[in-house]
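A short write-up of the structure that comes next.
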There are 8 protein chains.
Amino acid sequence: MSFNYDKSRENRLGFPEIIYGKAKTADELLDILSFFENQNKNALITKLQPEKYQILKTHFAGSFYDRRSGIFMLRPVKIHQSDYSVALISAGTSDMHVVNEAYYTLAFLNLQAEKITDVGVAGIHRLMDKIEYIKQFKILIVMAGFEGLLPSVVGGLLPQPVIAVPTSVGYGVAESGKTALNSMLASCANGITVTNIDNGYGAAIAAFRILNLLKK
Amino acid sequence: MSFNYDKSRENRLGFPEIIYGKAKTADELLDILSFFENQNKNALITKLQPEKYQILKTHFAGSFYDRRSGIFMLRPVKIHQSDYSVALISAGTSDMHVVNEAYYTLAFLNLQAEKITDVGVAGIHRLMDKIEYIKQFKILIVMAGFEGLLPSVVGGLLPQPVIAVPTSVGYGVAESGKTALNSMLASCANGITVTNIDNGYGAAIAAFRILNLLKK
Amino acid sequence: MSFNYDKSRENRLGFPEIIYGKAKTADELLDILSFFENQNKNALITKLQPEKYQILKTHFAGSFYDRRSGIFMLRPVKIHQSDYSVALISAGTSDMHVVNEAYYTLAFLNLQAEKITDVGVAGIHRLMDKIEYIKQFKILIVMAGFEGLLPSVVGGLLPQPVIAVPTSVGYGVAESGKTALNSMLASCANGITVTNIDNGYGAAIAAFRILNLLKK
Amino acid sequence: MSFNYDKSRENRLGFPEIIYGKAKTADELLDILSFFENQNKNALITKLQPEKYQILKTHFAGSFYDRRSGIFMLRPVKIHQSDYSVALISAGTSDMHVVNEAYYTLAFLNLQAEKITDVGVAGIHRLMDKIEYIKQFKILIVMAGFEGLLPSVVGGLLPQPVIAVPTSVGYGVAESGKTALNSMLASCANGITVTNIDNGYGAAIAAFRILNLLKK
Amino acid sequence: MSFNYDKSRENRLGFPEIIYGKAKTADELLDILSFFENQNKNALITKLQPEKYQILKTHFAGSFYDRRSGIFMLRPVKIHQSDYSVALISAGTSDMHVVNEAYYTLAFLNLQAEKITDVGVAGIHRLMDKIEYIKQFKILIVMAGFEGLLPSVVGGLLPQPVIAVPTSVGYGVAESGKTALNSMLASCANGITVTNIDNGYGAAIAAFRILNLLKK
Amino acid sequence: MSFNYDKSRENRLGFPEIIYGKAKTADELLDILSFFENQNKNALITKLQPEKYQILKTHFAGSFYDRRSGIFMLRPVKIHQSDYSVALISAGTSDMHVVNEAYYTLAFLNLQAEKITDVGVAGIHRLMDKIEYIKQFKILIVMAGFEGLLPSVVGGLLPQPVIAVPTSVGYGVAESGKTALNSMLASCANGITVTNIDNGYGAAIAAFRILNLLKK
Amino acid sequence: MSFNYDKSRENRLGFPEIIYGKAKTADELLDILSFFENQNKNALITKLQPEKYQILKTHFAGSFYDRRSGIFMLRPVKIHQSDYSVALISAGTSDMHVVNEAYYTLAFLNLQAEKITDVGVAGIHRLMDKIEYIKQFKILIVMAGFEGLLPSVVGGLLPQPVIAVPTSVGYGVAESGKTALNSMLASCANGITVTNIDNGYGAAIAAFRILNLLKK
Amino acid sequence: MSFNYDKSRENRLGFPEIIYGKAKTADELLDILSFFENQNKNALITKLQPEKYQILKTHFAGSFYDRRSGIFMLRPVKIHQSDYSVALISAGTSDMHVVNEAYYTLAFLNLQAEKITDVGVAGIHRLMDKIEYIKQFKILIVMAGFEGLLPSVVGGLLPQPVIAVPTSVGYGVAESGKTALNSMLASCANGITVTNIDNGYGAAIAAFRILNLLKK
C-alpha cells in the first residue's frame, strides 16, 4: 500500500503532515519514512514505542529518539536559538514525557522553548518567585496531572495565552488524566484553552499557530 | 408509622439523629418533628424544599428556616460566641447554599463559625492578604465549585485540618460538582479530606468530631 | 456581606473581574452591581436567567440583556468597528446562545467579532465557498454541538489559531455536550484548543489574550 | 463438552455461525474447529490472539491467519472478483486491524471489497479527489478512530448506505474508541448507522444483509 | 440573519436539508420555514416542542404536527401506498414517540412504513407468530428501550438489514437510553447497525439510503 | 498477623468464611490456609491467579485448582449426586470461567449443578429445544457477556428464580461487562435478580440461600 | 391500535402481563385498561404519574392509586393475611416510594408483606434489636439509597435470600442511585442479588418466583 | 535539571516535601534523593515500583522499602512508641498495601499507628468485640475496598474523627475503587471524610494535621 502524502498541508497550514506512531506497525512506519526520505524531507513521529524504535533505527541511522516522550525524528534535532517565545511550565519531573513531546515538536518547527519544571502549586512561592521571568514569554504551555490546577493559577496571574495540557499522571480518580482535563476545562473562565490528555504535540502546534500571527 | 428514634446516638457520638428532608413528604416530616417536640428537643432538617417549609411552619411557629441552604430548625437559631474554631472559606457568593448549611449545622451543635467568602483563587492575593487571620482558626472548611482548587491552595499554605466540600456550582463539565470533587480528591497529597458534593452538613459534623478531641 | 473586588485584575490580565450569574441570587447580584455602579465601571454578568433579569432591570435602567445567551451588561452595548480580528463560526442557529455569549463578551472588551453561522459540515461546500473570506480573520472561534466536527474541518483547512467551543445542543449521546467536547479534544492533532461546554465567554477571553500579543 | 452447532443459521440468515476467538481457550477452539472440519465446512474465527494461532496451526495446516486483525479461517482465503460492491474507507494505516477484519469476513462470504485507506479529513482534498471513484460502490463501510469524523463527512457527500465503524485508535479521551463511537452516533442525522468499536466483522455482515436485497 | 440553504443536498443525497427543532427559537424557525414556503417546498422539522408549534401553526395553517414525536411538516401528510418496504417494530406503545418519528420522516420521503408495535420479547411467541409476515419487508427498523434486546432477537431470526434504534424509555440504569444503546452495539455480531438514542429520523434516512440501491 | 476467623458465620448463614484470593499475597494465603488446615476444615479461595497456585500447591498437596475460574479448594472436589436443583445456563464456552466458579462453589457447599452451555440467543431454537428439560431445575443461574440478553429471554419463558450473572466477555462497549450488567438490571421487570460482573461465586451462594428454604 | 395481550404469560410464569405507566400516554393506558376490564381481569400499572391518574380515575371508579409509589390497580386493594413470607426492610421513610411499590405488587399477587422501615445502619442496634423477629420471614427485600449498605449488613447477619433494591434517594454522588446499586453489587460475596434502581416491582416478582418453589 | 526543593514547606505545614515515585524515572529519583542526602535529611517516596527500587538500593544502602505498599525511605524505619493516637482499621489482608502506606508515612512523621485488620463487616461481631479497644484511639483511619462500608459502620458507632480510605480491591463494578469511594462519600451524613483511592499517605498526613492541634 503506497503512502498518500498530504502534499498541500505545508502550504495550507505552515507545517507538514506528522505521523502518529502508536497504532502503526513498524513495517507501516518504515514505508512512510521511506517516502519522506525519498522526498528529502525531515519527518516527525509521535508516541513511538521503544521496541519499534529499535527496528526503525537500523534503517535510519541519523534519526533522533526521545524515550521519555516517544518522539522520533528522521534527522538529528537542532535547537534554533530564539528568545522568550514559548515557556513549558510544569510542577515537576513526573510530567516530563509531555514537556518533552512539546519541546521536540517545537524544535521540529524551528522554535525553541524553555522548560520551567519546578513550580508546583503545593509550594506556590516557587511560582511567585519566577513570575517576572515568565512574563517575558509570549505563550505559556502549562502541563499538570493529578488535579491539574497549575494552569488555573498561572492564568489568574499572567496575561498571556495559556494552553493547558492535562497529563495522565496520578492514581485513583486521577489515573487516566480525566480529572486534570475537567479541572482545566471548568476553569476556563480565565480564557485558558485546553488540549487532549498528554497532547504536548497539539499544544506545540497551537503555539505555532499563534506565533504565526506575529510574523505578519 | 411511628418514628423509631435512635435514642443512644447522642451518647455514642455526641450529636443527635438529624433528618434528611429532601426525600420525605411533608406528612412524614410532621410526624418526625412531633416526636422531637414531644421529647422537648430541638431538631435539624437538611435540604428542605421551600414548598414543604410552607407546610411545616404552620405547625411549628418558632421554627427557623434558611432558604439558601434549606436548613430547618425546630427552635430559633442562637449563635454561641466562640473564638476562632471553624472558618468557612469560599470563593464567593455562588457557594453560599453550602456555606450556610455548614454554618447553621454548627450553630445547632452550639459552635460558632466565621464565613470568609471572598478569596477566590483567580485573584490569589485576596487569599494571601488573609493568611495570618485564617491561621487563627482551628479547622478550615473550604467550599468550591467549578474546578474546585481553593482547598488545594489553602492546604498548601496552612497547617490546619482542611475539610474540602465540593459544590454543584458550574456548568458544562462542572455541572454536577463531580469535577470539583475529583479535583479535591486527586489533590489529597497534602492531607486534605473531602465530603460529598454540597455536603456542608457533613463537613460541620466532621469538624465537631475533631473539636471534641480538644475538650478532653 | 460586602463585595471584595479583585482590584488588580485589570492591571494583571487586562480585563476586569466578570460575574457568573447562574448560581447567585438576585439580591447577591444587586449588591455586586451596586459596587460597580459606585465605582462608575461597566460590569458583565454571564449566564443570567431571565427571571433574575426582570429584577435587575428595575434597578439599572440602561442595562443590556441578551436573552438567547443570558449576557447582561450594566451599560448599553457599543460595538467598536474593527477589521477581521475574530470570526465566530457555527453550523446554524441552534448554537446561537454560545455565539452570542462570545460576541457580547468581545464587545465588552471593545472588540468586534463577525458571526458566520451557516457553514455546517453536512453541506461542506458552504464552508468551502467562504474559505477565502475566513482567511482574513486573525482568530477563529468555532462552535459546534452534536458530534462537534466543524472545528476539526476548519482546523484542517486554515492556519489561524482555532478555539473550539463545544455546545450542549443535541440529544441522546450528544445531550450534555460531552460528545462534542471529546470529539474536539481528540482532534487536537491539528493544534486546535478547546474550552468548556457552552463557554463562549472563555473563548472570547482566550481570543483577547492572543490579540494582546499583537499590540506589542 | 460437545459443540452444539446452530445448524439452521445458514438457512435463516444466509451465513453460518461464526466463532468469537478472544475469550475461548485453545482447547475449546480446537474442539469447535474439529466439528467444522468433520462437517467439511470452512470456519471463521474473529479476534484470535497470535499465541493461540500458534497452537491451532499445528492442527490445521492449510488454515489462514491475518495477524493485524486476528482473523482466522480454516481454509485458505480466496478473493472472488466482484465489482464495486463494498468500499472500506479509512484515514490511514492506524485502523488497518479493523479494515482487515471487514475485508476477510467479506472474503469468507464470497464478496470482494476495495480498501481506500488514505483519505483522512485533515487533508480533505484527498477525499474530494476520490469522490467520483467512491460513487461507484454500493455500500460504504467507513472506519475511524480519534474523533471519528470521516463517516460524517462521507455521509454528507455521498448517497449510499454508510456503515460507520469506530476504532479504538487514539489516546487520552479517545483511548477506548468511545469518543469516535459517540461522534458517529451523534451525527446520525444523515442516516449513518454505527457498529460496536473495532467491529469490522459486524459491518461486513451488515453489508451482506443489504447486498442480499439486491439479489432478489 | 438569512438562512443559507444547502441547495445541492437533494441532488447529492436524494433528500433535502431537514431542520432540528429542539434548540432553535420559534423566531428562528419562522425564518427558516418562510424560506421553504417561498421556494414552494415542503419542510420537515424534528423534535419540535408543543409550545413552539403553537406559534408556528398561526403562521402556517395547513401544516402537520404529531405531538407524540414532535414531527412538524409544512404541508399535510400524505401516505403513499407502497408494499412491504419498511417495518417499524417495537415492543409496545412506550416507544411510540420514536416509531412515529420514523413513520412520518418516511412519509415525508414518499415511503410508507408498517407499524408492528406489540411483539415484546417478554412474551416471545408474539414475535414468533409474526415472523412470516415480517419476512416480507425489505428493511426492519427495530425500536427498544430498557435493555434493548428486541433488535438482537429479530436479527438472529431474520436475514434483512436490521436498523436498531435505542429509546430513552426506562428508569434506573435505563433512564437515558444508554443501556439499550450499548446492548444493541454489543450485539452487532449479527450485522445489526445502530443509530443514536431516540433517532427515528436517522433510521428512516438510513432505510431510504438502502432502498435507493434497489431503484437502480 | 494472625487470622481472625469468623467462627460463627457457619452457624449464622450456613456457609463458612470464604477467601478472596486475587488481592492477597501468597504468604498471606498460606497463613490463612494453615489456619483452616489446623482446624481440619476445607477452605475455598476464589479468583486465585495461577502463579500463586504454583506456590500454594507445594504446601497443600491434595488441593484442587481450576485454572479456568481460579477456584482453589484445600481438599479434592467431590460432586454429591443431586437432582435438578441448579442449572448453570450460558451461551457458549466463552463464559466458562464464571460457569466453573459457580459450579465448584456449589460443589464446596455439597450441591451438584448441571452445566447447559450451548443455548445462545442468536439461534434461539436451541434454547427452545431444551425448555422442558430446564423446567425441571429449581433455580436457574444464567451467565452472559456482550449484550447479556440470555437471562431476559430465559426469565420470559420460565417461572423459576433466575439469578443473572453478567460476564466480562466482549469488546468495545461490552469490554468490562458493564453493558451486560446494565442490560440485566434494566430487564428486571420479570423478577430477574443480578450479581456483580463475573461473580459466579455470589450466584452460587444466592442459590444456596434459596435452596435452604426448601429444607425446612 | 389494538392491545396484543400476552395471554399465555400467566400460564408460563404464574403472573399476568403488567403495565409500565411512565412512558405511555393517558389515551394509550385507557386503551389497555379497557382490554383488561373487558376480560374481567384486574390490572397493575407501575410508576404512573399523578396527572395521568386524574384522567384514569374518571373512567375506572373503583380503581386504587398510591401516590407515593405511583402504583395503580384496576380493582381495590385487598391484603390477604399470610404469615412471615416477605419482609420489606428499609432505613426510614425516604425510601417509602419503593417500599410501597413492592408492597402493592405483592398484594396484587395475593401475598402480604411486612414493612420494617426504621432500622438504618447509622444506629445499628435498632437492626440488632429486631434480628429475631426478622429471622421468621422467608425472604428479605432490603431497600436503601445513599451508600446502600443496609442489604450488606442484613446479608451478613441472616441466612435467608436477600433481594437488594437500590433507591434513587440521595444527593451528590448518590443522586441517581448508582452508588447504592454498585455498593450492593460489589457486596455480593454474601449471595445478595440486586434489582434495578427503584425497582420495588421487580423485587416483588423475584420473591414470588422463590415462594412458588415452596408450594410444590 | 536541578531539583527546586520547597524549603519552607516544613515551616509552613510541619512536614517536608514528599516524592511521588510512580511517574518518575529512576534517574530522576536518584537526582532528587541525592539532594536530600546532601542536605542530610531523610526522604519519603510513595508508590515506588520494585524494579526502580532495585536501582535505588544500589546507591542508598541503608534505605528502607516495603514492597506491599511501595513506600521507600532514605533511612531505616524507626517506630517511636506512642499511645493510642491512630488506629488503622481494615477488613482483612487484601487492603494491606494501603494500611502499610499509612503506617510507614506516620512512622516517617514520628508517629506510631496500630493496625487492626480483621474486623470485616460480613461478621460484624468481630468489630463489636473490639469497640472498647478502638475507643481509646484519637483518630480512626478506616480502609475498605469492594463496597467500602466499614467506615460507615465505624462512624455510626464511634465519636472520633474518621478518615475513610477507599481501596482499589475488588472486581466487576468495584474494580477501580470507585464504588468504595462513592459509597464512603455518600455516607458522609455522619461526618466521615474521605481521601483518594489507595491514598494511605494522604490519610496519614490528614491525621498528622489533626494531631498537631492537640499539641498546642
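In the C-alpha cells, chains take the letters A, B, ... in the order shown, each chain's residues start at 1, and ligands count up from 1 in the order shown.
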
Excluding Val153 of chain E and residues on its chain fewer than 2 positions from it, collect all residues at most 9 Å away from it, counting only C-alpha atoms, and give them as an MDAnalysis selection string. (chainID E and resid 121 149:151 155:158) or (chainID F and resid 121:124)

Can I get the selection written as a compact mmCIF listing (two decimals), in the first residue's frame, with N, CA and C atoms?
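Output file result.txt follows:
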```
# COMPACT_ATOMS: atom_id res chain seq x y z
N VAL E 121 -40.30 -8.98 23.76
CA VAL E 121 -39.60 -10.25 23.93
C VAL E 121 -40.03 -10.98 25.20
N LEU E 149 -33.35 -5.43 23.90
CA LEU E 149 -32.93 -6.69 23.28
C LEU E 149 -33.73 -7.09 22.06
N LEU E 150 -34.81 -6.40 21.75
CA LEU E 150 -35.63 -6.79 20.60
C LEU E 150 -34.83 -6.86 19.29
N PRO E 151 -34.00 -5.87 18.96
CA PRO E 151 -33.24 -5.97 17.71
C PRO E 151 -32.33 -7.20 17.65
N GLY E 155 -32.73 -9.84 14.76
CA GLY E 155 -31.57 -10.06 13.90
C GLY E 155 -31.10 -11.51 13.89
N GLY E 156 -31.37 -12.26 14.94
CA GLY E 156 -31.00 -13.67 14.97
C GLY E 156 -31.98 -14.55 14.22
N LEU E 157 -33.18 -14.01 13.96
CA LEU E 157 -34.22 -14.81 13.31
C LEU E 157 -34.42 -14.48 11.84
N LEU E 158 -34.04 -13.27 11.44
CA LEU E 158 -34.41 -12.80 10.11
C LEU E 158 -33.20 -12.24 9.37
N VAL F 121 -28.70 -17.02 22.32
CA VAL F 121 -29.95 -16.49 21.78
C VAL F 121 -29.87 -16.22 20.29
N ALA F 122 -28.66 -16.10 19.72
CA ALA F 122 -28.56 -15.87 18.28
C ALA F 122 -29.23 -17.00 17.49
N GLY F 123 -29.30 -18.17 18.09
CA GLY F 123 -30.04 -19.28 17.49
C GLY F 123 -31.02 -19.79 18.52
N ILE F 124 -32.13 -19.09 18.65
CA ILE F 124 -32.99 -19.21 19.84
C ILE F 124 -33.66 -20.58 19.92
```

Near segment 134-140 of chain A, counting only C-alpha atoms, which residues have an atom at most 12 Å away, once you skip same-chain residues fewer than 5 positions from it, shown as a VMD selection string? (chain A and resid 82 to 90 102 112 to 116 119 127 to 129 150 to 152 154 to 155 157 to 165 192 to 194 203 to 214) or (chain C and resid 12 to 13 206 209 to 214 216)

Any idea which chain E residues end up within 12 Å of chain C if we count only C-alpha atoms, as number ranges by chain please? E: 1-13, 16-29, 31-32, 46-47, 165-169, 175-182, 195-200

If DSSP is run on the backbone, what residues of chain D are alpha helix (DSSP H)? A reply as number ranges by chain would be ideal. D: 9-13, 26-38, 50-59, 96-108, 125-128, 131-134, 150-157, 178-186, 200-215

When you look at segment 72-76 of chain E with a cut-off of 6 Å (counting only C-alpha atoms), what residues show up, excluding the ones that are within fewer than 6 positions of it in the same chain? I need them as a PyMOL selection string. chain E and resi 42-45+62-65

Could you write out the selected residues, including C-alpha atoms, as a CSV table (one decimal), in the first residue's frame?
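Here's the written file part19.csv:
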```
chain,number,residue,atom,x,y,z
E,42,ASN,CA,-42.3,21.1,1.9
E,43,ALA,CA,-40.1,21.2,5.0
E,44,LEU,CA,-39.6,18.7,7.9
E,45,ILE,CA,-38.8,19.8,11.5
E,62,GLY,CA,-52.0,23.7,6.6
E,63,SER,CA,-49.0,22.4,8.5
E,64,PHE,CA,-48.9,19.0,10.2
E,65,TYR,CA,-47.8,18.2,13.8
```

Please return as a ChimeraX atom specification: the residues of segment 129-215 of chain B that backbone DSSP assigns to strand (DSSP E or B). /B:139-144,162-166,193-194

Closest of G:Gly202, G:Leu185, G:Glu132, G:Thr58 to Glu147 of chain G - atom-to-atom distances counting only C-alpha atoms: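 Using only C-alpha atoms, the shortest distance to Glu147 of chain G belongs to G:Leu185.
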
Atom CA of Gly191 of chain G to atom CA of Val98 of chain H, distance in Å rounded to a single decimal: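 Interatomic distance here is 27.1 Å.
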
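Reported to one decimal place, the separation of atom CA of Tyr201 of chain H from atom CA of Gly70 of chain H is 11.1 Å.
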
For atom CA of Phe108 of chain F and atom CA of Phe146 of chain H, determine how far apart the two atoms are, in Å to one decimal place.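 Answer for the atom CA of Phe108 of chain F to atom CA of Phe146 of chain H separation: 23.5 Å.
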